[in-house]
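The next block is protein.cif, given as mmCIF, C-alpha atoms.
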data_work
loop_
_atom_site.label_atom_id
_atom_site.label_comp_id
_atom_site.auth_asym_id
_atom_site.auth_seq_id
_atom_site.Cartn_x
_atom_site.Cartn_y
_atom_site.Cartn_z
CA MET A 118 -5.91 -15.86 -61.76
CA GLN A 119 -9.28 -16.70 -60.21
CA PRO A 120 -9.44 -16.93 -56.41
CA THR A 121 -9.23 -20.48 -55.06
CA SER A 122 -9.35 -21.97 -51.60
CA ASP A 123 -5.57 -21.55 -51.51
CA PHE A 124 -5.76 -17.92 -52.70
CA PRO A 125 -8.83 -16.37 -51.07
CA LYS A 126 -10.28 -13.19 -52.46
CA LYS A 127 -8.90 -10.12 -50.71
CA THR A 128 -11.18 -7.75 -48.87
CA ALA A 129 -11.50 -4.13 -49.93
CA ALA A 130 -9.48 -3.15 -46.86
CA GLU A 131 -6.67 -5.56 -47.77
CA ARG A 132 -6.54 -4.23 -51.34
CA LEU A 133 -6.34 -0.64 -50.12
CA ASN A 134 -3.66 -1.45 -47.56
CA GLU A 135 -1.66 -2.98 -50.40
CA GLN A 136 -2.30 -0.37 -53.10
CA CYS A 137 -3.18 2.99 -51.50
CA THR A 138 -0.25 5.35 -50.96
CA CYS A 139 -2.27 8.44 -50.02
CA ILE A 140 -0.73 10.64 -47.34
CA THR A 141 -3.62 11.15 -44.94
CA LEU A 142 -1.78 12.87 -42.10
CA ASP A 143 -1.91 16.66 -42.10
CA ARG A 144 1.36 17.15 -40.19
CA GLN A 145 0.94 20.90 -39.92
CA SER A 146 -2.49 20.42 -38.39
CA VAL A 147 -1.30 17.82 -35.89
CA SER A 148 1.72 19.95 -34.94
CA ARG A 149 -0.50 22.98 -34.31
CA ALA A 150 -2.94 20.92 -32.24
CA LEU A 151 -0.17 19.34 -30.22
CA ALA A 152 1.58 22.67 -29.66
CA ARG A 153 -1.65 24.09 -28.22
CA ARG A 154 -2.21 21.08 -25.99
CA LEU A 155 1.39 20.63 -24.85
CA GLY A 156 1.79 24.25 -23.77
CA ASP A 157 5.21 25.24 -22.40
CA ASN A 158 8.27 23.86 -24.23
CA ALA A 159 6.11 22.40 -27.00
CA ASP A 160 8.63 23.43 -29.66
CA GLU A 161 11.39 21.51 -27.90
CA ILE A 162 9.29 18.35 -27.86
CA LEU A 163 7.97 18.67 -31.42
CA SER A 164 11.43 19.28 -32.88
CA SER A 165 12.99 16.16 -31.33
CA ALA A 166 14.01 13.21 -33.50
CA VAL A 167 11.84 10.93 -31.36
CA TRP A 168 8.72 12.92 -32.17
CA HIS A 169 9.06 12.48 -35.94
CA GLN A 170 9.18 8.69 -35.55
CA LEU A 171 5.88 8.46 -33.68
CA PHE A 172 3.41 9.00 -36.54
CA SER A 173 3.06 7.35 -39.93
CA ASN A 174 1.80 9.39 -42.89
CA VAL A 175 -0.79 6.77 -43.80
CA ALA A 176 -3.95 5.32 -42.30
CA VAL A 177 -4.74 1.60 -41.99
CA PHE A 178 -7.94 0.22 -43.49
CA VAL A 179 -9.90 -2.29 -41.40
CA PRO A 180 -13.20 -4.03 -42.26
CA PRO A 181 -15.94 -3.01 -39.80
CA GLU A 182 -16.63 -6.68 -39.10
CA ASP A 183 -13.03 -7.14 -37.94
CA LEU A 184 -13.39 -4.24 -35.53
CA GLU A 185 -16.63 -5.71 -34.21
CA ARG A 186 -14.94 -9.09 -33.80
CA MET A 187 -12.10 -7.52 -31.80
CA LYS A 188 -14.55 -5.69 -29.56
CA ALA A 189 -16.49 -8.91 -28.95
CA THR A 190 -13.25 -10.74 -28.16
CA VAL A 191 -12.35 -8.09 -25.58
CA ARG A 192 -15.73 -8.53 -23.91
CA ALA A 193 -15.23 -12.30 -23.88
CA LEU A 194 -11.76 -11.92 -22.35
CA GLU A 195 -13.07 -9.74 -19.56
CA ALA A 196 -15.99 -12.12 -18.98
CA ALA A 197 -13.48 -14.95 -18.60
CA ALA A 198 -11.38 -12.87 -16.20
CA SER A 199 -14.41 -12.35 -13.94
CA LEU A 200 -14.96 -16.10 -13.37
CA PRO A 201 -14.21 -17.24 -9.80
CA GLY A 202 -12.36 -20.34 -11.03
CA TYR A 203 -10.18 -18.28 -13.33
CA GLN A 204 -9.43 -15.71 -10.64
CA SER A 205 -8.53 -18.40 -8.12
CA GLN A 206 -6.09 -19.92 -10.61
CA VAL A 207 -4.29 -16.74 -11.67
CA LEU A 208 -4.22 -15.08 -8.24
CA SER A 209 -2.62 -18.19 -6.72
CA ARG A 210 0.61 -17.26 -8.52
CA ALA A 211 0.24 -13.47 -8.24
CA PRO A 212 2.11 -11.25 -5.75
CA HIS A 213 0.60 -10.33 -2.40
CA SER A 214 -0.28 -6.86 -3.67
CA ALA A 215 -2.64 -8.38 -6.27
CA GLN A 216 -4.83 -10.06 -3.64
CA PHE A 217 -6.28 -6.69 -2.54
CA ASN A 218 -9.48 -5.71 -4.38
CA PRO A 219 -10.88 -2.25 -3.59
CA GLY A 220 -12.88 -2.08 -6.83
CA PRO A 221 -11.07 -0.34 -9.74
CA VAL A 222 -10.91 -2.48 -12.89
CA GLY A 223 -8.11 -0.65 -14.71
CA ALA A 224 -8.03 2.50 -16.82
CA PHE A 225 -6.82 2.34 -20.42
CA MET A 226 -6.71 -1.39 -20.93
CA GLY A 227 -4.89 -2.20 -24.18
CA TYR A 228 -5.64 -5.23 -26.37
CA ASP A 229 -3.25 -5.81 -29.28
CA PHE A 230 -4.34 -7.81 -32.35
CA HIS A 231 -2.91 -9.08 -35.60
CA LEU A 232 -5.36 -9.22 -38.48
CA GLY A 233 -4.60 -12.74 -39.67
CA GLU A 234 -6.04 -14.74 -42.55
CA ASP A 235 -8.66 -16.21 -40.18
CA GLY A 236 -9.63 -12.88 -38.67
CA PRO A 237 -8.28 -10.83 -35.75
CA ARG A 238 -6.10 -12.73 -33.28
CA LEU A 239 -5.09 -11.39 -29.86
CA ILE A 240 -1.33 -10.97 -29.39
CA GLU A 241 -1.08 -9.29 -26.01
CA ILE A 242 -2.98 -7.58 -23.19
CA ASN A 243 -1.55 -4.47 -21.51
CA THR A 244 -2.65 -2.68 -18.35
CA ASN A 245 -0.76 0.57 -18.96
CA ALA A 246 -1.16 0.78 -22.70
CA GLY A 247 0.60 3.86 -24.06
CA GLY A 248 -0.34 6.04 -26.99
CA ALA A 249 -4.05 6.76 -26.50
CA PHE A 250 -3.71 10.54 -26.14
CA LEU A 251 -1.29 10.73 -29.06
CA ASN A 252 -3.63 8.69 -31.23
CA ALA A 253 -6.64 10.79 -30.30
CA THR A 254 -4.80 13.89 -31.52
CA LEU A 255 -3.53 12.05 -34.59
CA ALA A 256 -7.02 10.92 -35.58
CA ARG A 257 -8.27 14.51 -35.64
CA ALA A 258 -5.58 15.53 -38.16
CA GLN A 259 -6.49 13.17 -41.02
CA VAL A 260 -7.80 13.88 -44.48
CA GLN A 261 -10.28 11.62 -46.25
CA CYS A 262 -8.71 8.87 -48.32
CA CYS A 263 -9.98 6.30 -50.86
CA GLY A 264 -13.48 6.24 -49.39
CA GLY A 265 -12.46 5.09 -45.91
CA ALA A 266 -14.69 6.37 -43.14
CA PRO A 267 -12.95 7.94 -40.10
CA HIS A 268 -13.08 5.63 -37.14
CA PRO A 269 -16.11 6.53 -35.00
CA ALA A 270 -14.25 6.12 -31.70
CA SER A 271 -11.57 8.62 -32.62
CA ALA A 272 -13.90 11.52 -32.16
CA GLU A 273 -14.32 14.75 -30.34
CA ASN A 274 -15.65 13.25 -27.09
CA PHE A 275 -12.33 11.61 -26.21
CA ASP A 276 -11.49 14.04 -23.37
CA GLU A 277 -14.91 13.54 -21.82
CA ALA A 278 -14.60 9.76 -22.08
CA VAL A 279 -11.17 9.87 -20.42
CA ALA A 280 -12.45 11.91 -17.47
CA ALA A 281 -15.50 9.65 -17.14
CA GLN A 282 -13.21 6.63 -17.02
CA PHE A 283 -11.20 7.99 -14.10
CA GLU A 284 -14.35 9.14 -12.33
CA SER A 285 -15.74 5.60 -12.66
CA GLU A 286 -12.53 4.17 -11.17
CA TRP A 287 -12.87 6.63 -8.29
CA ARG A 288 -16.49 5.70 -7.59
CA ALA A 289 -15.65 1.97 -7.77
CA GLN A 290 -13.49 2.48 -4.67
CA ARG A 291 -14.95 5.57 -2.99
CA GLY A 292 -18.64 5.22 -3.85
CA SER A 293 -19.42 8.75 -5.04
CA GLY A 294 -17.95 12.05 -6.21
CA ARG A 295 -14.88 12.52 -8.35
CA PRO A 296 -11.14 12.91 -7.71
CA LYS A 297 -9.89 16.44 -7.18
CA THR A 298 -6.23 15.70 -7.95
CA ILE A 299 -4.79 13.00 -10.23
CA ALA A 300 -1.09 12.14 -10.46
CA ILE A 301 0.32 10.56 -13.61
CA VAL A 302 3.17 8.49 -12.18
CA ASP A 303 6.17 6.88 -13.86
CA ASP A 304 9.85 6.47 -13.05
CA ARG A 305 11.73 9.55 -14.31
CA PRO A 306 8.72 10.71 -16.37
CA THR A 307 10.54 13.50 -18.23
CA GLU A 308 12.97 10.91 -19.61
CA GLN A 309 10.27 8.53 -20.86
CA TYR A 310 9.86 7.98 -24.59
CA LEU A 311 6.19 8.95 -24.36
CA TYR A 312 6.63 11.88 -21.97
CA ALA A 313 4.75 14.09 -24.43
CA GLU A 314 1.75 11.84 -23.91
CA PHE A 315 1.84 12.49 -20.17
CA ARG A 316 1.64 16.19 -21.00
CA LEU A 317 -1.35 15.55 -23.27
CA ALA A 318 -3.05 13.48 -20.58
CA ARG A 319 -2.55 16.27 -18.04
CA GLN A 320 -4.03 18.84 -20.41
CA SER A 321 -6.98 16.55 -21.21
CA LEU A 322 -7.87 15.92 -17.57
CA GLN A 323 -7.40 19.56 -16.59
CA SER A 324 -9.74 20.57 -19.42
CA GLN A 325 -12.37 18.50 -17.59
CA GLY A 326 -11.78 20.25 -14.29
CA ILE A 327 -9.43 17.74 -12.61
CA GLU A 328 -6.10 19.06 -11.30
CA THR A 329 -3.38 16.81 -12.73
CA LEU A 330 0.32 16.43 -11.91
CA ILE A 331 3.11 14.44 -13.59
CA LEU A 332 5.24 12.83 -10.89
CA SER A 333 7.92 10.29 -10.16
CA PRO A 334 7.39 7.84 -7.26
CA SER A 335 10.21 9.66 -5.47
CA ASP A 336 7.97 12.76 -5.34
CA LEU A 337 5.41 10.88 -3.23
CA ARG A 338 5.12 10.11 0.46
CA TYR A 339 2.46 8.18 2.35
CA GLU A 340 1.46 9.39 5.78
CA SER A 341 -1.61 9.58 8.01
CA GLY A 342 -3.59 7.46 5.57
CA GLY A 343 -2.98 9.71 2.59
CA LEU A 344 -0.68 9.96 -0.42
CA TYR A 345 1.02 13.33 -0.77
CA ALA A 346 3.24 15.28 -3.15
CA GLY A 347 4.55 18.18 -1.12
CA ASP A 348 1.53 19.55 0.72
CA ARG A 349 -0.95 18.37 -1.91
CA GLN A 350 -2.94 15.19 -1.35
CA ILE A 351 -3.19 12.85 -4.34
CA ASP A 352 -6.64 11.34 -4.74
CA LEU A 353 -6.02 9.08 -7.73
CA VAL A 354 -2.89 7.75 -9.42
CA TYR A 355 -2.84 7.04 -13.15
CA ASN A 356 -0.14 4.39 -12.90
CA ARG A 357 2.30 4.08 -15.82
CA LEU A 358 4.94 2.06 -13.96
CA VAL A 359 6.15 -1.29 -15.28
CA ASP A 360 6.67 -2.54 -11.71
CA PHE A 361 3.29 -4.21 -11.99
CA GLY A 362 3.20 -5.52 -8.40
CA LEU A 363 4.53 -2.26 -6.86
CA GLU A 364 7.30 -4.35 -5.31
CA GLU A 365 10.40 -2.20 -5.88
CA PRO A 366 11.74 -0.33 -2.80
CA GLY A 367 11.42 3.02 -4.54
CA HIS A 368 7.68 2.47 -4.93
CA ALA A 369 7.00 1.89 -1.22
CA ALA A 370 4.75 4.96 -0.83
CA LEU A 371 2.55 3.82 -3.71
CA ARG A 372 2.45 0.27 -2.39
CA SER A 373 1.34 1.46 1.05
CA ALA A 374 -1.30 3.74 -0.46
CA TRP A 375 -2.56 0.82 -2.55
CA LEU A 376 -2.70 -1.74 0.25
CA ASP A 377 -4.18 0.70 2.79
CA GLY A 378 -6.68 2.20 0.37
CA GLY A 379 -5.15 5.63 0.90
CA ALA A 380 -5.41 6.49 -2.80
CA VAL A 381 -7.19 5.07 -5.83
CA ILE A 382 -4.57 3.51 -8.10
CA THR A 383 -5.35 2.51 -11.68
CA PRO A 384 -4.21 0.34 -13.31
CA ASN A 385 -3.07 -1.62 -10.27
CA PRO A 386 -1.47 -4.95 -9.31
CA ARG A 387 -4.78 -6.83 -9.33
CA ASN A 388 -5.71 -5.56 -12.81
CA HIS A 389 -2.36 -6.75 -14.13
CA ALA A 390 -2.58 -10.15 -12.43
CA LEU A 391 -6.07 -10.84 -13.79
CA LEU A 392 -5.49 -9.79 -17.39
CA ALA A 393 -1.99 -8.77 -18.42
CA ASP A 394 0.19 -11.47 -16.86
CA LYS A 395 1.34 -13.30 -20.00
CA ARG A 396 0.89 -16.70 -18.35
CA ASN A 397 -2.86 -16.02 -18.42
CA LEU A 398 -2.86 -16.44 -22.21
CA ALA A 399 -2.50 -20.19 -21.72
CA LEU A 400 -5.82 -20.19 -19.83
CA LEU A 401 -7.50 -17.68 -22.14
CA SER A 402 -6.68 -19.91 -25.13
CA ASP A 403 -8.21 -22.95 -23.38
CA PRO A 404 -11.99 -22.64 -23.95
CA GLN A 405 -12.80 -26.06 -22.46
CA THR A 406 -11.34 -25.14 -19.08
CA LEU A 407 -13.02 -21.74 -19.19
CA MET A 408 -16.39 -23.35 -19.97
CA SER A 409 -15.92 -25.72 -17.02
CA TRP A 410 -15.63 -22.59 -14.87
CA GLY A 411 -18.85 -21.14 -16.30
CA LEU A 412 -17.92 -19.20 -19.43
CA SER A 413 -20.73 -19.13 -21.99
CA SER A 414 -20.31 -21.19 -25.16
CA GLU A 415 -20.56 -17.99 -27.23
CA ASN A 416 -17.66 -16.36 -25.39
CA ALA A 417 -15.70 -19.60 -25.43
CA GLU A 418 -15.99 -19.72 -29.22
CA LEU A 419 -14.81 -16.13 -29.50
CA LEU A 420 -11.71 -17.00 -27.46
CA ARG A 421 -11.12 -20.25 -29.35
CA SER A 422 -10.96 -18.36 -32.64
CA GLY A 423 -9.45 -15.14 -31.31
CA VAL A 424 -6.67 -16.18 -28.90
CA PRO A 425 -3.71 -18.11 -30.33
CA ALA A 426 -2.70 -21.29 -28.51
CA THR A 427 -0.25 -20.46 -25.72
CA VAL A 428 1.84 -22.65 -23.42
CA GLN A 429 4.34 -21.96 -20.68
CA VAL A 430 7.84 -23.05 -21.68
CA SER A 431 9.25 -25.79 -19.47
CA ALA A 432 11.89 -28.51 -19.49
CA GLU A 433 9.10 -31.00 -20.23
CA ASN A 434 7.94 -29.38 -23.48
CA ALA A 435 11.28 -27.87 -24.54
CA ASP A 436 12.17 -30.57 -27.08
CA ALA A 437 8.79 -30.36 -28.81
CA LEU A 438 8.89 -26.55 -28.88
CA TRP A 439 12.38 -26.57 -30.37
CA GLN A 440 11.31 -28.97 -33.11
CA GLU A 441 8.24 -26.83 -33.86
CA ARG A 442 9.91 -23.47 -33.14
CA ARG A 443 8.96 -21.94 -36.50
CA GLN A 444 5.32 -22.15 -35.41
CA TRP A 445 5.87 -20.24 -32.16
CA PHE A 446 6.67 -16.80 -30.82
CA PHE A 447 8.48 -16.67 -27.46
CA LYS A 448 7.85 -13.95 -24.84
CA PRO A 449 9.20 -13.44 -21.30
CA VAL A 450 6.52 -13.62 -18.63
CA ALA A 451 7.81 -10.50 -16.87
CA GLY A 452 8.70 -8.61 -20.04
CA HIS A 453 7.25 -5.38 -21.38
CA GLY A 454 7.75 -3.16 -24.40
CA SER A 455 8.66 -6.11 -26.66
CA LYS A 456 11.91 -6.69 -24.78
CA GLY A 457 13.36 -10.19 -24.89
CA VAL A 458 10.87 -11.57 -27.41
CA TYR A 459 11.86 -13.96 -30.18
CA ARG A 460 10.28 -15.33 -33.30
CA GLY A 461 10.97 -19.06 -33.27
CA SER A 462 12.39 -19.11 -36.79
CA LYS A 463 15.11 -16.67 -35.68
CA LEU A 464 16.22 -18.61 -32.60
CA THR A 465 19.64 -20.11 -32.05
CA LYS A 466 20.05 -23.15 -29.84
CA LYS A 467 21.96 -21.06 -27.30
CA THR A 468 19.15 -18.50 -27.02
CA PHE A 469 16.54 -21.23 -26.79
CA THR A 470 18.45 -22.82 -23.90
CA GLU A 471 18.30 -19.45 -22.12
CA ILE A 472 14.56 -19.26 -22.79
CA VAL A 473 13.99 -22.69 -21.23
CA ALA A 474 16.03 -21.67 -18.19
CA GLY A 475 14.09 -18.41 -17.90
CA ASP A 476 10.38 -17.73 -17.46
CA TYR A 477 8.77 -17.69 -20.92
CA ILE A 478 5.56 -18.43 -22.76
CA ALA A 479 5.29 -19.72 -26.31
CA GLN A 480 2.44 -18.32 -28.39
CA ALA A 481 1.32 -19.74 -31.72
CA LEU A 482 2.68 -17.52 -34.46
CA VAL A 483 0.13 -15.23 -36.13
CA PRO A 484 1.76 -13.32 -38.99
CA PRO A 485 0.68 -9.65 -39.03
CA SER A 486 -1.07 -8.02 -41.95
CA GLU A 487 0.80 -5.41 -44.00
CA ARG A 488 0.45 -1.84 -45.20
CA THR A 489 2.17 -0.11 -48.12
CA VAL A 490 3.99 3.14 -47.35
CA MET A 491 6.17 5.41 -49.45
CA VAL A 492 9.68 5.92 -48.06
CA ASP A 493 12.03 8.16 -50.04
CA GLY A 494 9.89 7.66 -53.14
CA GLN A 495 9.91 3.86 -52.86
CA ARG A 496 7.06 1.54 -51.92
CA GLU A 497 7.69 -0.52 -48.80
CA MET A 498 5.48 -3.01 -46.98
CA LEU A 499 5.33 -2.59 -43.21
CA LYS A 500 3.77 -4.88 -40.65
CA VAL A 501 0.60 -3.84 -38.82
CA ASP A 502 -0.87 -4.44 -35.42
CA VAL A 503 -4.10 -2.96 -34.06
CA ARG A 504 -4.55 -1.76 -30.50
CA LEU A 505 -7.92 -1.31 -28.83
CA TYR A 506 -7.95 1.02 -25.83
CA THR A 507 -10.89 0.04 -23.66
CA TYR A 508 -12.55 0.60 -20.32
CA ARG A 509 -14.86 -1.99 -18.77
CA GLY A 510 -14.94 -3.76 -22.12
CA ALA A 511 -16.11 -0.68 -24.04
CA LEU A 512 -14.00 0.85 -26.79
CA LEU A 513 -12.39 4.23 -26.09
CA LEU A 514 -10.18 4.36 -29.18
CA ALA A 515 -8.68 2.07 -31.81
CA ALA A 516 -5.37 2.68 -33.57
CA ALA A 517 -2.71 0.86 -35.57
CA ARG A 518 1.08 0.66 -35.38
CA LEU A 519 3.29 0.18 -38.44
CA TYR A 520 6.75 -1.34 -38.10
CA ARG A 521 9.47 -3.54 -39.51
CA GLY A 522 11.17 -6.29 -37.50
CA GLN A 523 10.09 -8.92 -35.01
CA THR A 524 7.98 -6.59 -32.86
CA THR A 525 6.41 -3.15 -32.86
CA ASN A 526 8.85 -0.27 -32.56
CA PHE A 527 9.19 3.42 -33.36
CA ARG A 528 12.42 3.17 -35.30
CA THR A 529 11.04 2.24 -38.74
CA PRO A 530 11.08 4.89 -41.49
CA GLY A 531 7.47 5.42 -42.57
CA GLY A 532 6.16 3.62 -39.47
CA GLY A 533 4.65 4.67 -36.16
CA PHE A 534 1.10 5.16 -34.93
CA ALA A 535 -1.58 5.26 -37.62
CA PRO A 536 -5.33 5.90 -37.46
CA ILE A 537 -7.87 3.31 -38.52
CA LEU A 538 -10.26 3.89 -41.39
CA LEU A 539 -13.21 1.51 -41.69
CA LYS A 540 -13.75 -0.02 -45.12
CA PRO A 541 -16.65 -2.45 -45.71
CA SER A 542 -15.58 -5.71 -47.36
CA ARG A 543 -18.13 -5.41 -50.15
CA SER A 544 -16.96 -2.19 -51.72
#
Just give me the structure of the file as structure tokens.
Amino acid sequence: MQPTSDFPKKTAAERLNEQCTCITLDRQSVSRALARRLGDNADEILSSAVWHQLFSNVAVFVPPEDLERMKATVRALEAAASLPGYQSQVLSRAPHSAQFNPGPVGAFMGYDFHLGEDGPRLIEINTNAGGAFLNATLARAQVQCCGGAPHPASAENFDEAVAAQFESEWRAQRGSGRPKTIAIVDDRPTEQYLYAEFRLARQSLQSQGIETLILSPSDLRYESGGLYAGDRQIDLVYNRLVDFGLEEPGHAALRSAWLDGGAVITPNPRNHALLADKRNLALLSDPQTLMSWGLSSENAELLRSGVPATVQVSAENADALWQERRQWFFKPVAGHGSKGVYRGSKLTKKTFTEIVAGDYIAQALVPPSERTVMVDGQREMLKVDVRLYTYRGALLLAAARLYRGQTTNFRTPGGGFAPILLKPSRS
């Protein structure tokens, strides 16, 4: 059958994602690398059932022009977030802790995309995007496949780029120098699904000469204008908490350090309020309003084509959203980790009533692309999303996630994190 307007010709990347079943992951190589980097108790971590679900055996092919389009969209998003009119609007509904602005812009921003028929479309923005250190190690343990070029941002300078990022955050608040001690902070860190990544982050930063600790908020105290763990002062916090406003009682020491400027905290409540609050997607998908606030026409066009239409669910638009529910994806404003999200076509009336009574956004549905994997000798098609890890709009690393179901997860046989291989469309 010849391609028609209804059946557009597939790109080389799409054909490879559909047909290629090469195993590109050298699992022995990645296990050796991770064992070296994890240090003590590495065998315990690498033998866990959780660990084997993190990585897919395959890579995902992406046209270079799609990657460039995603990078340009990220720059446009951050340009929009810097507009005074935009900031006034989003900060008016943000917690008190987000009004403070000592300078840091947020380490490891994460921008998630689906590669739709009309090009990459933004699905979500995250301020504590997980997986970067795992994906950097994963990318180094790949073999060449079907002519795909290794992604240029997955390279050997990752550790240096990570340290430079945190040094930049430090200088944004302190003016000069670099932090002596960084704390990676999360609730009950040793129990977190991605605890191994905290270990990798510590090793990476220490390799660049920065003392690094993995701590729970309960390990911290704030006194005399400083944040301390035991007798050691913490200069900078790499914040992995999902209490984005630092409002929970158990996070009081961090909140005081943030509001008093006693420690550099990144990402922080202001970073989340400006970019990752899901309600912001309604503004970021409204180019006319953004242009009225001063966004360039070029950036407005990038957001028009790259950010799906988004609305906040309310009693006023509930009837229309229910009638058109198959066209929408519903997400809780305060949610994280894909919890409480619903594809409209799967909704019951009872669940929709709960959504209307709750605090939700509705985002125009953008079906994900797919990737063939072999599971127990059988071909299976898994869904794909692409995450860009960035700092100040510049790409640190790009990676994919393969999954089955409504949202990304690490429970799908054959799924998990996957590296990106660039494949020009005309090949």
Residue neighbourhood segment 491-504 of chain A, 6 Å, all atoms listed in the file, exclusion window fewer than 6 positions, as an MDAnalysis selection string: chainID A and resid 228:231 485 515:521 531
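Once the PyMOL selection byres ((chain A and resi 450-453) around 8) is applied to this file, the selection holds Val359, Asp394, Lys395, Arg396, Lys448, Pro449, Gly454, Ser455, Lys456, Gly457, Asp476, Tyr477 and Ile478 of chain A.
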Considering all atoms listed in the file, state which residue in the set A:Ser199, A:Ser324, A:Ser173, A:Ser293 is at the smallest distance from Leu412 of chain A.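 With all atoms listed in the file as the atom set, the closest residue is A:Ser199.
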To one decimal place, how far is atom CA of Gln216 of chain A from atom CA of Pro386 of chain A in Å?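 Between these atoms lies a distance of 8.3 Å.
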Write out as a PyMOL selection string which residues come within 12 Å of segment 328-335 of chain A when counting only C-alpha atoms, dropping same-chain ones fewer than 3 positions away. chain A and resi 280+283+295-309+312-325+338-339+344-347+349-358+360+363+365-372+374
Take the PyMOL selection byres ((chain A and resi 218-224) around 10), run it mentally on this structure, and tell me the resulting residues as an MDAnalysis selection string. chainID A and resid 214:217 225:227 244:246 279 282:283 285:292 355:356 375:378 381:389 391:392 506:509
Check the smallest atom-to-atom distance from each of A:Arg443, A:Pro212, A:Leu513, A:Ala426 to Leu464 of chain A using all atoms listed in the file, then report the winner.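 Selected residue with least distance to Leu464 of chain A: A:Arg443.
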Residues near Asp160 of chain A, cut-off 10 Å, only C-alpha atoms, skip fewer than 6 positions along chain, as a VMD selection string: chain A and resid 148 151 to 152
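Using all atoms listed in the file, the shortest contact distance between Gly326 of chain A and any of A:Tyr310, A:Glu277, A:Lys188, A:Thr254 is found at A:Glu277.
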Please, what distance in Å, to one decimal, runs between atom CA of Gly379 of chain A and atom CA of Ala281 of chain A?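 Interatomic distance, atom CA of Gly379 of chain A to atom CA of Ala281 of chain A: 21.2 Å.
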What does the structure give for the distance between atom CA of Leu539 of chain A and atom CA of Gly423 of chain A, in Å to one decimal? 20.0 Å
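Distance check against Ser209 of chain A using only C-alpha atoms: of A:Gln480, A:Thr524, A:Asn397, A:Gln444, the minimum falls on A:Asn397.
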Give the answer as one residue: which of A:Gly156, A:Trp168, A:Leu420, A:Cys139 has the shortest atom-to-atom distance to Met408 of chain A, using all atoms listed in the file?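 The shortest atom-to-atom distance to Met408 of chain A comes from A:Leu420.
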Give as a PyMOL selection string the residues that the PyMOL selection byres ((chain A and resi 540) around 7) matches when applied to the coordinates above. chain A and resi 129-130+178-181+265-266+538-539+541-542
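Comparing A:Val428, A:Leu407, A:Leu505, A:Ala435 by their smallest distance to Gly202 of chain A, the closest is A:Leu407 (using all atoms listed in the file).
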